[in-house]
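In what follows, a structure is listed as structure tokens, so that the remarks can point back to it.
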Amino acid sequence: MAYLRNPSTIGELRDAAGKRLLGRMSSDATALTLVQAQELFEELEVHQIELELQNEHLNAARAQLEMALNQSSELYDFAPVGILSLDQTGAIAKLNLAGASLLGGERARLLGSRLGLYISDEERPVFAAMLERCAKSGDVQGCELSLKRQGRLITHVQIKIAPLGDGLGWQVILMDVTDRRQMEAQLRASEERWKLALEAAGDGVWDWNVQTGEVVYSMRFGQLFGFADDEYGHHIEDKTRRIHPDDKPRVIADLQAHLSGHSASYVNEHRGQCKDGSWKWVLSRGTVVSRSEDGKPLRMIGTHVDITHRKQIEEALRVASRFQQAVFDSLAAQIAVLDRRGLVLQTNAAWRQYAIDNGLADAPCFVGGNYLEALDCITGKDQETVLAASAGIASVIAGELAHFQLPQPFFAPSDKRWFILKVTAVHDAAERIVVSHEDVTGIKTAELASLTLANIDTLTGALSRRNFLNLAEHEMARSTRYELPLMVLMLDLDHFKLINDCSGHAAGDVVLQGFVRTVSAVLRESDLIGRIGGEEFAVLLPNTALEGGCALAQRIIDSVRASPVEIDGERIPYTVSVGAACLTTETSFSALLGVADVALYRAKHSGRDRLEVGLQ
């Protein structure tokens with residue numbers, strides 16, 4: 001396209017003006033006066049200056065216009081979108097480099113060809129209809145079409161068509177959207193695979209438009225509740241109205257917490273109503289995948305998983321646990337279940353009641369704490385018992401023993417009770433063990449009573465003959481080893497047969513009991529008294545020399561003489577004869593006792609109520 005130019009010099013302008021003047025001059029022109037000619041020259045000079053100024057402005061405007069045209073051409077050619085001009089037939093009259101690239105050819109070869117030839121065969125009628133509507137209505141038309149090269153689909157474009165006016169053709173804008181379409185296709189494929197995977201896993205999928213309340217449910221979602229396709233509904237209300245009334249407040253609260261951004265995801269277990277009216281437990285999970293600029297939720301996607309079987313198993317486990325606890329609580333023994341670290345996991349009623357009765361209920365070591373610390377409290381810090389129990393528990397946990405039991409019952413001083421401690425492995429994955437405390441106080445009391453009968457004279461409370469002789473042998477061995485003094489006294493009540501004959505055997509028993517009480521009051525804590533025969537007793541005086549032993553024996557004689565027994569208001573006096581022996585060269589206690597017995601025989605024959613010392 002050519003543009004008109006102003007003359008570049010004053011000479012060119014003057015020549016052009018002279019030529020135009022000759023054409024305008026008439027033959028009847030009159031001569032001017034000098035003044036008129038002078039005025040005319042001045043006027044011409046002013047016009048000359050005005051023309052120069054106008055020429056300068058025109059040159060500047062021409063330069064700006066040429067620059068704008070160059071910039072427009074550059075923008076047109078290097079625009080990121082394709083720009084085409086079509087004539088009335090739809091042929092390409094003009095296009096930029098981006099347009100040529102999208103059409104897949106050189107610009108020179110593309111000029112004059114019809115744009116419709118580059119549209120995919122399936123969409124070519126759509127393009128033709130757009131041209132027609134645009135020409136008739138004068139409005140801009142747009143859509144997305146596919147372009148092809150050599151018969152193959154190569155790219156997707158967004159097309160905008162605007163009329164040029166006066167039937168001159170159309171202006172077309174092409175924007176490449178291939179990448180976006182591919183990403184959308186990949187996203188759809190990924191979402192489809194995700195949905196198929198969830199469907200295959202048995203999960204129901206829901207896609208919720210939060211703004212409209214519309215929900216798209218997968219086929220598996222409806223099947224979970226026994227519904228056929230499209231029977232379940234298409235709105236969020238179709239889902240919420242089928243939630244169990246007891247679960248609905250919790251479901252709504254969890255959902256609102258996620259929608260408001262207070263929780264990272266939505267997770268909830270609740271019951272949903274099936275088509276037949278029954279209830280099914282489901283695990284519902286979801287997340288907001290789209291929010292508006294101000295943070296409002298727009299779209300949320302989630303799943304439903306049938307967990308009815310799991311819930312049934314959990315309920316069965318709860319029932320089994322309650323049954324186990326009932327069995328535990330029915331046992332009289334105190335039972336605690338420990339983990340492999342020795343911490344108390346579970347106890348029965350007897351264990352808890354014992355803690356309450358003995359002020360241990362608030363002790364952290366007794367309930368939920370370390371068992372060995374609890375045992376330390378129960379035994380009153382009996383370290384021997386605690387260490388033995390610790391070793392036994394460790395052996396059971398290590399699998400060295402299937403069961404462990406303390407060899408002897410342990411004693412609880414707080415309530416003076418005896419318990420058997422047993423440890424049994426549970427053999428489960430948690431490696432738990434069961435510890436039981438079985439109350440054997442009655443058995444232990446009977447055992448101690450039996451032991452007392454064997455070691456103590458039941459009538460007088462003195463040591464039995466056998467127990468006294470055993471203890472005396474040990475004491476004599478100790479005295480011999482450490483060269484300590486030792487004395488033994490043989491005591492015999494004088495004329496005891498006469499007391500039985502005159503006052504009766506019951507009175508004789510009372511005299512024997514009173515005698516032991518009187519002698520015990522004189523003896524030291526380390527001294528021992530035993531009943532050797534009917535009215536015959538022996539006293540062992542450890543670490544006692546001859547002089548001290550004789551003095552103590554005389555005190556016994558004096559105390560007995562001064563302590564008559566009163567029976568039914570009758571005073572019965574009695575005396576005792578004593579034979580003493582001091583350890584020298586004897587090698588056995590029976591030998592030493594024989595020396596004292598000989599001394600006692602002399603005391604009896606020397607008038608009784610006296611002391612005689614054995615001669616070595």
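Every chain in the structure tokens has a letter given in the order shown (A, B, ...), and although residue numbers restart at 1 in each chain, ligands are simply numbered from 1 in the order shown.
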Handout entry: Polymer residues at most 8 Å from A:Val578, only C-alpha atoms, same-chain spacing of 4 or more positions, as a ChimeraX atom specification
Key = /A:489-492,553,557,599-600,603,609-612
Exercise for the section: Write out as a ChimeraX atom specification all residues of stretch 149-278 of chain A that DSSP puts in strand (DSSP E) for this structure's backbone. Expected result: /A:149,152-163,170-176,204-209,215-217,266-273
Emit the selected residues as a PDB file, in the first residue's frame, including C-alpha atoms.
ATOM      1  CA  ARG A 149      -1.908 -31.538   9.225  1.00  0.00           C
ATOM      2  CA  ARG A 152      -3.743 -36.056  11.306  1.00  0.00           C
ATOM      3  CA  LEU A 153      -5.017 -34.126  14.318  1.00  0.00           C
ATOM      4  CA  ILE A 154      -2.098 -32.072  15.521  1.00  0.00           C
ATOM      5  CA  THR A 155      -3.403 -29.308  17.744  1.00  0.00           C
ATOM      6  CA  HIS A 156      -6.418 -27.829  19.458  1.00  0.00           C
ATOM      7  CA  VAL A 157      -7.204 -24.111  19.204  1.00  0.00           C
ATOM      8  CA  GLN A 158      -9.634 -21.661  20.671  1.00  0.00           C
ATOM      9  CA  ILE A 159     -11.045 -19.681  17.722  1.00  0.00           C
ATOM     10  CA  LYS A 160     -12.620 -16.202  17.734  1.00  0.00           C
ATOM     11  CA  ILE A 161     -14.275 -14.860  14.554  1.00  0.00           C
ATOM     12  CA  ALA A 162     -15.317 -11.216  14.024  1.00  0.00           C
ATOM     13  CA  PRO A 163     -16.797  -9.650  10.849  1.00  0.00           C
ATOM     14  CA  TRP A 170     -13.659 -11.944   8.727  1.00  0.00           C
ATOM     15  CA  GLN A 171     -10.936 -11.386  11.275  1.00  0.00           C
ATOM     16  CA  VAL A 172      -9.881 -14.679  12.967  1.00  0.00           C
ATOM     17  CA  ILE A 173      -7.886 -15.187  16.171  1.00  0.00           C
ATOM     18  CA  LEU A 174      -6.425 -18.658  16.923  1.00  0.00           C
ATOM     19  CA  MET A 175      -5.057 -19.551  20.398  1.00  0.00           C
ATOM     20  CA  ASP A 176      -3.238 -22.865  20.940  1.00  0.00           C
ATOM     21  CA  GLY A 204     -18.169 -45.798  46.917  1.00  0.00           C
ATOM     22  CA  VAL A 205     -17.137 -42.400  45.510  1.00  0.00           C
ATOM     23  CA  TRP A 206     -18.996 -39.111  45.902  1.00  0.00           C
ATOM     24  CA  ASP A 207     -18.297 -35.750  44.252  1.00  0.00           C
ATOM     25  CA  TRP A 208     -20.071 -32.822  45.923  1.00  0.00           C
ATOM     26  CA  ASN A 209     -20.664 -29.357  44.454  1.00  0.00           C
ATOM     27  CA  VAL A 215     -23.622 -34.734  44.368  1.00  0.00           C
ATOM     28  CA  VAL A 216     -22.433 -37.272  41.815  1.00  0.00           C
ATOM     29  CA  TYR A 217     -22.396 -40.774  43.311  1.00  0.00           C
ATOM     30  CA  TYR A 266     -12.888 -35.200  56.799  1.00  0.00           C
ATOM     31  CA  VAL A 267     -12.952 -38.639  58.446  1.00  0.00           C
ATOM     32  CA  ASN A 268     -16.009 -40.105  60.132  1.00  0.00           C
ATOM     33  CA  GLU A 269     -17.511 -43.486  60.993  1.00  0.00           C
ATOM     34  CA  HIS A 270     -21.290 -43.649  61.054  1.00  0.00           C
ATOM     35  CA  ARG A 271     -24.291 -45.750  60.163  1.00  0.00           C
ATOM     36  CA  GLY A 272     -26.105 -45.304  56.865  1.00  0.00           C
ATOM     37  CA  GLN A 273     -29.583 -46.641  56.102  1.00  0.00           C
TER      38      GLN A 273
END
Exercise for the section: Apply DSSP to the backbone of this structure and, from stretch 117-316 of chain A, keep only the residues in alpha helix (DSSP H); write these as a PyMOL selection string. Expected result: chain A and resi 124-137+178-201+219-224+236-240+248-259+308-316
Exercise for the section: Could you jot down the atom CA of A:Ala361 to atom CA of A:Gly380 separation for me, Å, one decimal place? Expected result: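 Distance reported for this atom pair: 15.9 Å.
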Handout entry: Within 7 Å of stretch 407-410 of chain A using only C-alpha atoms, minus same-chain residues under 5 positions, as a PyMOL selection string
Key = chain A and resi 385+418-421
Exercise for the section: Excluding A:Ala108 and residues on its chain fewer than 2 positions from it, collect all residues at most 12 Å away from it, counting only C-alpha atoms, and give them as a ChimeraX atom specification. Expected result: /A:92-97,99-100,105-106,110-113
Exercise for the section: Within 8 Å of stretch 341-343 of chain A, counting only C-alpha atoms, which residues show up once you throw out same-chain ones fewer than 4 positions away? Write them as a list of chain:residue names, please. Expected result: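 Skipping anything fewer than 4 positions along the chain leaves A:Gly368, A:Gly369, A:Asn370, A:Tyr371, A:Leu372.
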Okay, now the selection with N, CA and C atoms, as a PDB file, in the first residue's frame?
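Okay, again-v7.pdb is ready:
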ATOM      1  N   GLY A 368      -2.107 -49.298  87.151  1.00  0.00           N
ATOM      2  CA  GLY A 368      -1.558 -48.684  85.940  1.00  0.00           C
ATOM      3  C   GLY A 368      -0.078 -48.392  86.020  1.00  0.00           C
ATOM      4  N   GLY A 369       0.554 -48.700  87.158  1.00  0.00           N
ATOM      5  CA  GLY A 369       1.976 -48.447  87.304  1.00  0.00           C
ATOM      6  C   GLY A 369       2.794 -49.718  87.211  1.00  0.00           C
ATOM      7  N   ASN A 370       4.007 -49.672  87.760  1.00  0.00           N
ATOM      8  CA  ASN A 370       4.909 -50.816  87.716  1.00  0.00           C
ATOM      9  C   ASN A 370       4.522 -51.835  88.782  1.00  0.00           C
ATOM     10  N   TYR A 371       4.390 -53.085  88.378  1.00  0.00           N
ATOM     11  CA  TYR A 371       3.940 -54.122  89.311  1.00  0.00           C
ATOM     12  C   TYR A 371       4.921 -54.306  90.463  1.00  0.00           C
ATOM     13  N   LEU A 372       6.220 -54.294  90.182  1.00  0.00           N
ATOM     14  CA  LEU A 372       7.204 -54.536  91.240  1.00  0.00           C
ATOM     15  C   LEU A 372       7.149 -53.442  92.315  1.00  0.00           C
TER      16      LEU A 372
END
Practice task
Identify which of the residues A:Asp494, A:Glu475, A:Asp179, A:Asp203 lies closest to A:Gly607, counting only C-alpha atoms when measuring atom-to-atom distances.
Solution key: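 Selected residue with least distance to A:Gly607: A:Asp494.
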